[in-house]
Each structure stands twice: as C-alpha cells, then as structure tokens.
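**Q** File structure.cif below, mmCIF, C-alpha atoms; chains and numbers go by the auth columns:
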```cif
data_upload
loop_
_atom_site.group_PDB
_atom_site.id
_atom_site.type_symbol
_atom_site.label_atom_id
_atom_site.label_comp_id
_atom_site.label_asym_id
_atom_site.label_seq_id
_atom_site.Cartn_x
_atom_site.Cartn_y
_atom_site.Cartn_z
_atom_site.B_iso_or_equiv
_atom_site.auth_seq_id
_atom_site.auth_asym_id
ATOM 1 C CA MET A 1 -50.814 -62.048 -50.027 0.00 1 X
ATOM 2 C CA ILE A 2 -52.395 -59.379 -52.191 0.00 2 X
ATOM 3 C CA ASN A 3 -53.298 -60.412 -55.719 0.00 3 X
ATOM 4 C CA SER A 4 -52.666 -57.500 -58.095 0.00 4 X
ATOM 5 C CA LYS A 5 -53.989 -59.534 -61.080 0.00 5 X
ATOM 6 C CA PHE A 6 -57.368 -59.603 -59.328 0.00 6 X
ATOM 7 C CA TYR A 7 -57.515 -55.798 -59.200 0.00 7 X
ATOM 8 C CA ALA A 8 -56.308 -55.330 -62.796 0.00 8 X
ATOM 9 C CA LYS A 9 -58.781 -57.945 -64.154 0.00 9 X
ATOM 10 C CA ASN A 10 -61.781 -56.597 -62.250 0.00 10 X
ATOM 11 C CA ILE A 11 -61.149 -52.926 -63.102 0.00 11 X
ATOM 12 C CA SER A 12 -61.874 -53.582 -66.761 0.00 12 X
ATOM 13 C CA THR A 13 -65.128 -55.477 -66.032 0.00 13 X
ATOM 14 C CA MET A 14 -66.501 -53.147 -63.324 0.00 14 X
ATOM 15 C CA PRO A 15 -69.478 -50.989 -64.302 0.00 15 X
ATOM 16 C CA LEU A 16 -67.732 -47.607 -63.980 0.00 16 X
ATOM 17 C CA SER A 17 -68.805 -44.177 -65.130 0.00 17 X
ATOM 18 C CA TYR A 18 -66.610 -42.352 -67.636 0.00 18 X
ATOM 19 C CA ASN A 19 -64.841 -40.343 -64.903 0.00 19 X
ATOM 20 C CA MET A 20 -64.272 -43.446 -62.825 0.00 20 X
ATOM 21 C CA ARG A 21 -62.817 -45.340 -65.798 0.00 21 X
ATOM 22 C CA LYS A 22 -60.602 -42.381 -66.602 0.00 22 X
ATOM 23 C CA ASN A 23 -59.150 -42.522 -63.076 0.00 23 X
ATOM 24 C CA ALA A 24 -59.255 -46.294 -62.657 0.00 24 X
ATOM 25 C CA TYR A 25 -55.471 -46.472 -62.407 0.00 25 X
ATOM 26 C CA ILE A 26 -55.908 -45.500 -58.749 0.00 26 X
ATOM 27 C CA PHE A 27 -57.303 -48.962 -58.103 0.00 27 X
ATOM 28 C CA ALA A 28 -54.196 -50.497 -59.641 0.00 28 X
ATOM 29 C CA LEU A 29 -52.102 -48.753 -56.969 0.00 29 X
ATOM 30 C CA MET A 30 -54.027 -50.427 -54.169 0.00 30 X
ATOM 31 C CA PRO A 31 -51.671 -53.419 -53.941 0.00 31 X
ATOM 32 C CA ILE A 32 -48.689 -51.085 -53.473 0.00 32 X
ATOM 33 C CA SER A 33 -50.344 -49.024 -50.749 0.00 33 X
ATOM 34 C CA LEU A 34 -51.660 -52.126 -48.993 0.00 34 X
ATOM 35 C CA ALA A 35 -48.217 -53.751 -49.200 0.00 35 X
ATOM 36 C CA PHE A 36 -46.770 -50.756 -47.325 0.00 36 X
ATOM 37 C CA PHE A 37 -48.865 -51.709 -44.300 0.00 37 X
ATOM 38 C CA HIS A 38 -47.512 -55.256 -44.405 0.00 38 X
ATOM 39 C CA MET A 39 -43.899 -54.091 -44.100 0.00 39 X
ATOM 40 C CA PRO A 40 -42.101 -54.670 -40.827 0.00 40 X
ATOM 41 C CA LYS A 41 -42.515 -51.714 -38.479 0.00 41 X
ATOM 42 C CA PRO A 42 -38.780 -50.866 -38.334 0.00 42 X
ATOM 43 C CA VAL A 43 -38.730 -50.431 -42.131 0.00 43 X
ATOM 44 C CA ILE A 44 -41.761 -48.139 -41.971 0.00 44 X
ATOM 45 C CA TYR A 45 -40.138 -46.108 -39.178 0.00 45 X
ATOM 46 C CA ILE A 46 -36.872 -45.760 -41.113 0.00 46 X
ATOM 47 C CA CYS A 47 -38.688 -44.672 -44.307 0.00 47 X
ATOM 48 C CA THR A 48 -40.782 -42.154 -42.374 0.00 48 X
ATOM 49 C CA ALA A 49 -37.717 -40.770 -40.576 0.00 49 X
ATOM 50 C CA MET A 50 -35.853 -40.347 -43.877 0.00 50 X
ATOM 51 C CA ILE A 51 -38.782 -38.404 -45.355 0.00 51 X
ATOM 52 C CA PHE A 52 -38.996 -36.086 -42.326 0.00 52 X
ATOM 53 C CA ILE A 53 -35.234 -35.483 -42.313 0.00 53 X
ATOM 54 C CA ALA A 54 -35.314 -34.602 -46.012 0.00 54 X
ATOM 55 C CA LEU A 55 -38.232 -32.215 -45.479 0.00 55 X
ATOM 56 C CA PHE A 56 -36.502 -30.612 -42.479 0.00 56 X
ATOM 57 C CA PHE A 57 -33.286 -29.789 -44.370 0.00 57 X
ATOM 58 C CA LEU A 58 -34.964 -28.726 -47.627 0.00 58 X
ATOM 59 C CA PRO A 59 -35.778 -25.152 -46.499 0.00 59 X
ATOM 60 C CA VAL A 60 -32.257 -24.641 -45.136 0.00 60 X
ATOM 61 C CA VAL A 61 -30.692 -25.435 -48.493 0.00 61 X
ATOM 62 C CA THR A 62 -33.289 -23.620 -50.582 0.00 62 X
ATOM 63 C CA TYR A 63 -33.394 -20.341 -48.663 0.00 63 X
ATOM 64 C CA ALA A 64 -29.804 -20.049 -47.409 0.00 64 X
ATOM 65 C CA ASP A 65 -28.398 -16.548 -46.991 0.00 65 X
ATOM 66 C CA GLU A 66 -25.326 -15.377 -48.837 0.00 66 X
ATOM 67 C CA CYS A 67 -23.224 -13.429 -46.328 0.00 67 X
ATOM 68 C CA TRP A 68 -20.015 -11.447 -46.698 0.00 68 X
ATOM 69 C CA ALA A 69 -17.606 -10.337 -43.967 0.00 69 X
ATOM 70 C CA VAL A 70 -16.352 -6.806 -44.650 0.00 70 X
ATOM 71 C CA THR A 71 -13.082 -5.455 -43.201 0.00 71 X
ATOM 72 C CA ASN A 72 -10.615 -2.641 -43.869 0.00 72 X
ATOM 73 C CA VAL A 73 -13.331 -0.107 -44.756 0.00 73 X
ATOM 74 C CA LYS A 74 -11.751 3.197 -45.780 0.00 74 X
ATOM 75 C CA GLY A 75 -12.957 6.241 -47.648 0.00 75 X
ATOM 76 C CA TYR A 76 -14.005 9.848 -47.321 0.00 76 X
ATOM 77 C CA GLY A 77 -16.823 11.617 -45.542 0.00 77 X
ATOM 78 C CA ALA A 78 -18.130 15.162 -45.440 0.00 78 X
ATOM 79 C CA TYR A 79 -19.680 16.053 -42.064 0.00 79 X
ATOM 80 C CA ALA A 80 -21.913 19.035 -41.284 0.00 80 X
ATOM 81 C CA ASN A 81 -19.963 19.893 -38.125 0.00 81 X
ATOM 82 C CA GLU A 82 -16.810 20.095 -40.304 0.00 82 X
ATOM 83 C CA LYS A 83 -18.599 22.411 -42.815 0.00 83 X
ATOM 84 C CA TYR A 84 -18.910 19.483 -45.276 0.00 84 X
ATOM 85 C CA LYS A 85 -15.200 19.456 -45.969 0.00 85 X
ATOM 86 C CA TYR A 86 -14.129 15.970 -47.129 0.00 86 X
ATOM 87 C CA ILE A 87 -11.888 14.145 -44.690 0.00 87 X
ATOM 88 C CA GLU A 88 -10.388 10.659 -44.599 0.00 88 X
ATOM 89 C CA ASP A 89 -12.780 8.341 -42.825 0.00 89 X
ATOM 90 C CA GLY A 90 -13.494 4.662 -42.314 0.00 90 X
ATOM 91 C CA LEU A 91 -14.839 1.985 -40.050 0.00 91 X
ATOM 92 C CA VAL A 92 -11.857 1.378 -37.798 0.00 92 X
ATOM 93 C CA ASN A 93 -11.347 -2.047 -36.170 0.00 93 X
ATOM 94 C CA SER A 94 -14.766 -3.316 -37.133 0.00 94 X
ATOM 95 C CA VAL A 95 -16.189 -6.170 -39.140 0.00 95 X
ATOM 96 C CA VAL A 96 -19.439 -5.616 -40.987 0.00 96 X
ATOM 97 C CA VAL A 97 -21.502 -8.595 -42.167 0.00 97 X
ATOM 98 C CA VAL A 98 -23.673 -8.011 -45.243 0.00 98 X
ATOM 99 C CA CYS A 99 -26.194 -10.727 -46.143 0.00 99 X
ATOM 100 C CA PHE A 100 -28.334 -11.237 -49.220 0.00 100 X
ATOM 101 C CA THR A 101 -31.505 -13.322 -48.978 0.00 101 X
ATOM 102 C CA GLU A 102 -33.951 -14.549 -51.567 0.00 102 X
ATOM 103 C CA LYS A 103 -36.306 -11.631 -50.907 0.00 103 X
ATOM 104 C CA GLY A 104 -33.946 -8.923 -49.651 0.00 104 X
ATOM 105 C CA GLY A 105 -31.058 -8.620 -47.286 0.00 105 X
ATOM 106 C CA TYR A 106 -29.728 -7.273 -44.021 0.00 106 X
ATOM 107 C CA VAL A 107 -26.606 -5.885 -42.418 0.00 107 X
ATOM 108 C CA ILE A 108 -25.797 -7.313 -39.004 0.00 108 X
ATOM 109 C CA GLY A 109 -25.646 -4.619 -36.338 0.00 109 X
ATOM 110 C CA THR A 110 -27.998 -2.102 -37.949 0.00 110 X
ATOM 111 C CA GLU A 111 -31.732 -1.560 -37.717 0.00 111 X
ATOM 112 C CA THR A 112 -31.903 -0.134 -41.231 0.00 112 X
ATOM 113 C CA LYS A 113 -34.427 -1.910 -43.470 0.00 113 X
ATOM 114 C CA PHE A 114 -32.963 -3.000 -46.803 0.00 114 X
ATOM 115 C CA ILE A 115 -34.272 -3.988 -50.209 0.00 115 X
ATOM 116 C CA LYS A 116 -32.225 -5.946 -52.733 0.00 116 X
ATOM 117 C CA LEU A 117 -31.679 -4.508 -56.194 0.00 117 X
ATOM 118 C CA GLY A 118 -30.145 -7.046 -58.515 0.00 118 X
ATOM 119 C CA LYS A 119 -27.774 -9.695 -57.210 0.00 119 X
ATOM 120 C CA SER A 120 -25.220 -7.551 -55.368 0.00 120 X
ATOM 121 C CA THR A 121 -26.894 -4.352 -54.116 0.00 121 X
ATOM 122 C CA LEU A 122 -28.735 -3.535 -50.888 0.00 122 X
ATOM 123 C CA VAL A 123 -30.393 -0.132 -50.449 0.00 123 X
ATOM 124 C CA GLY A 124 -31.562 0.832 -46.979 0.00 124 X
ATOM 125 C CA TYR A 125 -33.542 3.587 -45.320 0.00 125 X
ATOM 126 C CA ALA A 126 -33.981 4.403 -41.650 0.00 126 X
ATOM 127 C CA GLY A 127 -35.826 7.371 -40.228 0.00 127 X
ATOM 128 C CA SER A 128 -37.638 8.633 -37.185 0.00 128 X
ATOM 129 C CA HIS A 129 -40.531 10.898 -36.311 0.00 129 X
ATOM 130 C CA LYS A 130 -37.936 13.511 -35.272 0.00 130 X
ATOM 131 C CA GLY A 131 -36.795 14.022 -38.866 0.00 131 X
ATOM 132 C CA ASN A 132 -33.693 11.838 -38.796 0.00 132 X
ATOM 133 C CA GLU A 133 -33.167 10.171 -42.171 0.00 133 X
ATOM 134 C CA LEU A 134 -30.431 7.749 -43.215 0.00 134 X
ATOM 135 C CA VAL A 135 -29.880 6.195 -46.642 0.00 135 X
ATOM 136 C CA GLU A 136 -27.245 3.490 -47.107 0.00 136 X
ATOM 137 C CA VAL A 137 -26.146 1.531 -50.173 0.00 137 X
ATOM 138 C CA TYR A 138 -24.050 -1.645 -49.915 0.00 138 X
ATOM 139 C CA GLN A 139 -22.737 -3.164 -53.153 0.00 139 X
ATOM 140 C CA ILE A 140 -20.507 -6.211 -53.493 0.00 140 X
ATOM 141 C CA ASP A 141 -17.988 -6.135 -56.351 0.00 141 X
ATOM 142 C CA ARG A 142 -17.738 -9.905 -56.720 0.00 142 X
ATOM 143 C CA GLU A 143 -14.921 -9.849 -59.285 0.00 143 X
ATOM 144 C CA ASN A 144 -12.578 -7.760 -57.112 0.00 144 X
ATOM 145 C CA ASN A 145 -13.820 -8.885 -53.644 0.00 145 X
ATOM 146 C CA LYS A 146 -14.660 -5.341 -52.582 0.00 146 X
ATOM 147 C CA LEU A 147 -17.551 -3.624 -50.829 0.00 147 X
ATOM 148 C CA LEU A 148 -18.709 -0.255 -52.140 0.00 148 X
ATOM 149 C CA TYR A 149 -20.582 1.567 -49.357 0.00 149 X
ATOM 150 C CA THR A 150 -22.253 4.963 -49.424 0.00 150 X
ATOM 151 C CA LYS A 151 -24.091 6.735 -46.628 0.00 151 X
ATOM 152 C CA SER A 152 -26.108 9.934 -46.413 0.00 152 X
ATOM 153 C CA ARG A 153 -27.725 11.184 -43.200 0.00 153 X
ATOM 154 C CA VAL A 154 -29.709 14.363 -42.410 0.00 154 X
ATOM 155 C CA GLY A 155 -31.827 15.675 -39.553 0.00 155 X
ATOM 156 C CA THR A 156 -29.447 14.644 -36.794 0.00 156 X
ATOM 157 C CA GLN A 157 -28.139 16.558 -33.800 0.00 157 X
ATOM 158 C CA PHE A 158 -24.360 16.730 -33.521 0.00 158 X
ATOM 159 C CA ILE A 159 -22.970 15.468 -30.223 0.00 159 X
ATOM 160 C CA ASP A 160 -19.392 16.521 -29.462 0.00 160 X
ATOM 161 C CA ASN A 161 -18.418 13.559 -27.324 0.00 161 X
ATOM 162 C CA PRO A 162 -14.803 13.331 -26.112 0.00 162 X
ATOM 163 C CA ILE A 163 -14.664 9.720 -27.391 0.00 163 X
ATOM 164 C CA ALA A 164 -16.268 10.277 -30.797 0.00 164 X
ATOM 165 C CA LYS A 165 -18.060 12.962 -32.746 0.00 165 X
ATOM 166 C CA ILE A 166 -21.337 11.285 -33.555 0.00 166 X
ATOM 167 C CA LEU A 167 -24.628 11.938 -35.268 0.00 167 X
ATOM 168 C CA SER A 168 -23.624 14.787 -37.541 0.00 168 X
ATOM 169 C CA ASN A 169 -25.318 15.126 -40.917 0.00 169 X
ATOM 170 C CA VAL A 170 -23.005 13.391 -43.371 0.00 170 X
ATOM 171 C CA VAL A 171 -22.392 12.127 -46.867 0.00 171 X
ATOM 172 C CA ALA A 172 -19.686 9.461 -47.214 0.00 172 X
ATOM 173 C CA SER A 173 -18.328 6.792 -49.514 0.00 173 X
ATOM 174 C CA TYR A 174 -16.128 3.853 -48.582 0.00 174 X
ATOM 175 C CA VAL A 175 -14.427 0.797 -50.061 0.00 175 X
ATOM 176 C CA GLY A 176 -13.729 -2.352 -48.024 0.00 176 X
ATOM 177 C CA ASP A 177 -12.431 -5.888 -48.465 0.00 177 X
ATOM 178 C CA VAL A 178 -14.985 -8.710 -48.528 0.00 178 X
ATOM 179 C CA GLU A 179 -14.870 -12.442 -48.018 0.00 179 X
ATOM 180 C CA ARG A 180 -17.842 -14.729 -48.510 0.00 180 X
ATOM 181 C CA ILE A 181 -18.628 -16.496 -45.231 0.00 181 X
ATOM 182 C CA ILE A 182 -21.996 -18.137 -46.016 0.00 182 X
ATOM 183 C CA GLN A 183 -23.109 -19.233 -49.441 0.00 183 X
#
```
Write out the structure in this file as structure tokens.

**A**
Amino acid sequence: MINSKFYAKNISTMPLSYNMRKNAYIFALMPISLAFFHMPKPVIYICTAMIFIALFFLPVVTYADECWAVTNVKGYGAYANEKYKYIEDGLVNSVVVVCFTEKGGYVIGTETKFIKLGKSTLVGYAGSHKGNELVEVYQIDRENNKLLYTKSRVGTQFIDNPIAKILSNVVASYVGDVERIIQ
C-alpha cells in the first residue's frame, strides 16, 4: 500500500530549490499515478479503450460537414450559341449535393474548387490552359429552404450534340429546393 502521508510530509522537509518547491505538487500526485499501476488489468484495458474511443470520435463530431440535397433546380440561362437570348433552363432529373466544411466547401460531382464566404455561400472557379473559365456561386437561403445558383462560363467550344447542346459560353441563374442531409 502506498502511503500518501509519507510523500506530503517529506515534501515540506526536503531540501528543494525554489523552482522545485514551486512545482512540488507533482510529488503529491505520485500516489495516484502509482495506484493506477496496481489496478487490475481489465480495468486498465477498459479505461484505455474508452479514452481511445473518445479520441477517435472527437474529430468526426468537431469537423462534420453540413450538406444539402438540392432538387427541382429551375431558372434562366443565356447561351452564346443562342445569341445570349434568355431561355428557360434548369437541372432536369438531377440531385446536387452542396456541402459546407469548417474551412470551405464542395459540390459533389464537380471538380470546381470552392471557397466559403460567410455561413451559406460557396464561390467556385475552374479553368484550363485552353482559356476555359467557369465561375459558380451556390447560396443556401436557410429561412426559405432554397438554393440560389449562378453560373458564368467563357472560352468554351460549342458542341452541337444530338443528345444535348453542351459547352457553350453561358450566364445563368437558378433557384432550387434544398433539404439538409448532414448536419
């Protein structure tokens, strides 16, 4: 058995320097730390496992993403191949997932790099050495559960594909419905 009175009594009578006396409380903790080693091994294993489990889940809770599923995206776009005449447009039959992180954000399915401005806005830019440039802004209207999305793209080559007219220079704005899926 460890005698804590022995440690407390002898600390005051030991010839210690000023710094050692100032930190002498460390010696008073010796009985506690030594008692830990006298615990049954299963108790030590359980305590250690609980500490590791707590440390494992701490980053998940602290740095969780806030993600929103976006549907029913409708709006207007003005495309270069249509002489920039505004037409009804939208993201038909698709679900967009917009996520905000502690240091930024991302949109699933795009390679655009985003920065976060404020709590509810992501601004993204993507470009290439060929002169293609794309700017996108995603904003969540939290009070009305809506996404406000704008897109502007220049430097692209129009491809008249029978399935879809793609990669025309464009400016567009859309509104969609949002639902928080990860908080």

**Q** Residues near X:Thr110, anyone? I mean within 12 Å using only C-alpha atoms, not counting same-chain ones fewer than 6 positions away, as a short mmCIF file (atom, residue, chain, number, x, y, z; two decimals) with C-alpha atoms, keeping the file's coordinate frame.

**A**
```
data_model
loop_
_atom_site.label_atom_id
_atom_site.label_comp_id
_atom_site.auth_asym_id
_atom_site.auth_seq_id
_atom_site.Cartn_x
_atom_site.Cartn_y
_atom_site.Cartn_z
CA VAL X 96 -19.44 -5.62 -40.99
CA VAL X 97 -21.50 -8.60 -42.17
CA VAL X 98 -23.67 -8.01 -45.24
CA GLY X 124 -31.56 0.83 -46.98
CA TYR X 125 -33.54 3.59 -45.32
CA ALA X 126 -33.98 4.40 -41.65
CA LEU X 134 -30.43 7.75 -43.22
CA GLU X 136 -27.24 3.49 -47.11
#
```

**Q** Can you spell out as an MDAnalysis selection string the set of residues that the PyMOL selection byres ((chain X and resi 117-121) around 7) selects in the structure I just provided?

**A** chainID X and resid 115:116 122:123 138:140

**Q** Write out, as an mmCIF file, keeping the file's coordinate frame, the residues just selected, with C-alpha atoms.

**A**
```cif
data_model
loop_
_atom_site.group_PDB
_atom_site.id
_atom_site.type_symbol
_atom_site.label_atom_id
_atom_site.label_comp_id
_atom_site.auth_asym_id
_atom_site.auth_seq_id
_atom_site.Cartn_x
_atom_site.Cartn_y
_atom_site.Cartn_z
ATOM 1 C CA ILE X 115 -34.272 -3.988 -50.209
ATOM 2 C CA LYS X 116 -32.225 -5.946 -52.733
ATOM 3 C CA LEU X 122 -28.735 -3.535 -50.888
ATOM 4 C CA VAL X 123 -30.393 -0.132 -50.449
ATOM 5 C CA TYR X 138 -24.050 -1.645 -49.915
ATOM 6 C CA GLN X 139 -22.737 -3.164 -53.153
ATOM 7 C CA ILE X 140 -20.507 -6.211 -53.493
#
```

**Q** Could you check the closest approach to X:Thr112 for each of X:Gly90, X:Gly127, X:Gly75, X:Gly176 and tell me which residue wins, using only C-alpha atoms?

**A**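 For X:Thr112, the nearest of the candidates is X:Gly127.
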
**Q** Using the chain letters and numbers from the file, give me the residues hit by the PyMOL selection byres ((chain X and resi 144) around 12), as a list of chain:residue names.

**A** X:Gln139, X:Ile140, X:Asp141, X:Arg142, X:Glu143, X:Asn145, X:Lys146, X:Leu147, X:Leu148, X:Val175, X:Gly176, X:Asp177, X:Val178, X:Glu179

**Q** Out of X:Tyr174, X:Ser94, X:Gly109, X:Leu167, which residue has the shortest atom-to-atom distance to X:Val137 when counting only C-alpha atoms?

**A** X:Tyr174

**Q** Using only C-alpha atoms, which of X:Phe100, X:Asp89, X:Val95, X:Lys83 sits nearest X:Gln183?

**A**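 Closest candidate: X:Phe100.
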
**Q** Applying 7 Å and all atoms listed in the file, which residues near X:Ile87 remain after dropping the ones on its own chain fewer than 2 positions away? List them as an NGL selection string.

**A** :X and (76-78 or 85 or 89)

**Q** Given only C-alpha atoms as the basis, pick out the residue of X:Glu82, X:Ser128, X:Cys67, X:Lys74 nearest to X:Val107.

**A**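 Looking at the shortest contact to X:Val107, the residue is X:Cys67.
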
**Q** Any idea what the distance is between atom CA of X:Gln157 and atom CA of X:His129?

**A**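 Separating atom CA of X:Gln157 from atom CA of X:His129 is a distance of 13.9 Å.
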
**Q** Written as a ChimeraX atom specification, what is the full residue list that the PyMOL selection byres ((chain X and resi 132) around 6) yields on the file shown?

**A** /X:127-128,130-131,133,154-156

**Q** Counting all atoms listed in the file, what is within 6 Å of X:Thr101, bar same-chain residues fewer than 3 positions away, as a PyMOL selection string?

**A** chain X and resi 65+104-105
